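Working notes for the structure below.
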Amino acid sequence: MSYLDSIQEAKKYLTEKGLTDATVGIVLGTGLGKLVDKISIISTISYEDIPHFPTATVESHSGKLIYGTIGTTKVLAMQGRFHYYEGYSMQQITFPVRVMHALGIQKLLLSNAAGGVNLDYKKGDLILIKDHINLQPENPLRGLNAPEYGERFPDMSNPYDNEMGYTIKKKAQEQELNIRSGVYASVMGPNLETKAEYRYLKIIGADLVGMSTVPEVIVANQLKLPCAAVSVVTDECDPDNLKPVNIAEIIEVAGKADGKLSDLFAAVIAAL
């Protein structure tokens, strides 16, 4: 079965389950799941039940597709995403974005947990991603040469939608949240970085580092699907004062910031 057929089969399954008319897609990153509490849930479907969907293997990613409303807006929320380090291909990682697009979403909101390479950032800070550096070893568009996938050579001069970014900043201001903008570097993982690697990332212009998001954003741009992404800073990556960190700590910090990010996303979705 071709990749295109797989997308259509997943779409058909979800359409038959009644997952229609959603206008906003949401991808919830590591330790970030409280937005689900703000959704008036119509249905919840396990990834395992959706044809051709990968299975979430990361402990903090529950692996469910949530369909419901926030205010009057119908949403599709991915409670957990997929990563290259899990062993999936880039096309598997980004499969859900293509399926949500096929189902009719018009905007995509993404979140992630990230290390703060910019030393002005502190644990728990929310950072609007304004641009990215792709250091992943593969590309989700490689080999997808049919016009049905979108342009073969999509422009990436402005990968994050300005209007959505403005709305996020405006709603953050209304909620008295200090949200800044930064450049996100996406690496393969799953190991965290060395001191030398943090210095390198700073030199090349990164403010944040993580292991996700960029493949999904690349596909969204190929699909001409406006998107925006917010990172929660979960650890401070100062190479001169680097302390050991583990994933449990990262999840804990993300969890503490989850409430304010969920409030922000809910307000943004209502405004969209």
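Chain labels A, B, ... are given in the sequence in which chains occur in the structure tokens; within each chain residues are numbered consecutively from 1, and ligands are likewise numbered from 1 in the order shown.
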Mind the document's chain letters and residue numbers, and return as JSON, numbers by chain the residues of stretch 16-153 of chain A that DSSP labels strand (DSSP E). {"A": [24, 25, 26, 27, 28, 40, 41, 42, 43, 44, 45, 46, 64, 65, 66, 67, 68, 69, 70, 73, 74, 75, 76, 77, 78, 79, 107, 108, 109, 110, 111, 112, 113, 114, 115, 116, 126, 127, 128, 129, 130, 131, 132, 133, 134]}
Store the residues picked out above in a file with C-alpha atoms, as an mmCIF file, in the first residue's frame.
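For reference, out19.cif as written:
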data_model
loop_
_atom_site.group_PDB
_atom_site.id
_atom_site.type_symbol
_atom_site.label_atom_id
_atom_site.label_comp_id
_atom_site.auth_asym_id
_atom_site.auth_seq_id
_atom_site.Cartn_x
_atom_site.Cartn_y
_atom_site.Cartn_z
ATOM 1 C CA VAL A 24 -7.526 23.213 14.515
ATOM 2 C CA GLY A 25 -5.017 20.417 15.006
ATOM 3 C CA ILE A 26 -2.931 20.287 18.181
ATOM 4 C CA VAL A 27 0.224 18.321 18.982
ATOM 5 C CA LEU A 28 0.977 18.056 22.705
ATOM 6 C CA SER A 40 -15.333 19.146 25.594
ATOM 7 C CA ILE A 41 -14.515 15.654 24.392
ATOM 8 C CA ILE A 42 -16.700 14.064 21.743
ATOM 9 C CA SER A 43 -14.520 10.991 21.236
ATOM 10 C CA THR A 44 -11.113 9.574 22.131
ATOM 11 C CA ILE A 45 -9.351 7.091 19.875
ATOM 12 C CA SER A 46 -6.186 5.188 20.736
ATOM 13 C CA LYS A 64 -4.559 9.152 22.011
ATOM 14 C CA LEU A 65 -6.310 11.278 19.416
ATOM 15 C CA ILE A 66 -8.849 13.552 21.095
ATOM 16 C CA TYR A 67 -11.761 15.010 19.134
ATOM 17 C CA GLY A 68 -13.918 17.710 20.679
ATOM 18 C CA THR A 69 -14.498 21.422 21.076
ATOM 19 C CA ILE A 70 -12.813 24.333 22.795
ATOM 20 C CA THR A 73 -13.975 25.488 17.744
ATOM 21 C CA LYS A 74 -13.710 21.819 16.874
ATOM 22 C CA VAL A 75 -10.233 20.441 17.487
ATOM 23 C CA LEU A 76 -8.174 17.311 16.933
ATOM 24 C CA ALA A 77 -5.553 16.955 19.669
ATOM 25 C CA MET A 78 -2.686 14.501 19.569
ATOM 26 C CA GLN A 79 -2.000 13.494 23.163
ATOM 27 C CA LYS A 107 -4.358 25.504 11.472
ATOM 28 C CA LEU A 108 -1.819 23.524 13.501
ATOM 29 C CA LEU A 109 -0.620 24.290 17.050
ATOM 30 C CA LEU A 110 2.391 22.433 18.430
ATOM 31 C CA SER A 111 4.080 22.299 21.822
ATOM 32 C CA ASN A 112 7.269 20.723 23.100
ATOM 33 C CA ALA A 113 9.676 20.554 26.009
ATOM 34 C CA ALA A 114 13.072 22.029 25.162
ATOM 35 C CA GLY A 115 16.437 22.837 26.662
ATOM 36 C CA GLY A 116 17.258 26.508 27.071
ATOM 37 C CA LEU A 126 7.277 29.708 27.504
ATOM 38 C CA ILE A 127 9.013 30.501 24.216
ATOM 39 C CA LEU A 128 7.247 31.092 20.909
ATOM 40 C CA ILE A 129 9.323 29.474 18.176
ATOM 41 C CA LYS A 130 10.032 32.075 15.506
ATOM 42 C CA ASP A 131 12.383 29.948 13.373
ATOM 43 C CA HIS A 132 14.258 26.678 13.520
ATOM 44 C CA ILE A 133 17.483 24.885 12.648
ATOM 45 C CA ASN A 134 16.963 21.346 11.386
#
For the alpha helix (DSSP H) assignment from backbone DSSP, which residues of stretch 66-193 of chain A qualify? Please present them as a ChimeraX atom specification. /A:90-93,95-102,162-174
Closest-contact table, stretch 189-244 of chain A side, partner stretch 263-272 of chain A, 12 Å, counting only C-alpha atoms, as a tab-separated table:
residue	atom	partner	partner_atom	distance
A:Pro226	CA	A:Leu272	CA	11.5
A:Cys227	CA	A:Leu272	CA	11.8
A:Ala228	CA	A:Phe265	CA	10.7
A:Ala229	CA	A:Phe265	CA	10.2
A:Val230	CA	A:Phe265	CA	9.4
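Atom pair atom CA of A:Pro190 / atom CA of A:Ala206: separated by 18.4 Å.
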So which residues touch stretch 150-153 of chain A within 12 Å, counting only C-alpha atoms, skipping near sequence neighbours fewer than 6 positions away, as a VMD selection string? chain A and resid 4 98 101 139 to 144 218 to 225
With only C-alpha atoms as the basis for distance, which of A:Gly210, A:Pro137, A:Pro54, A:Gly205 is at the shortest distance from A:Phe95? A:Pro54
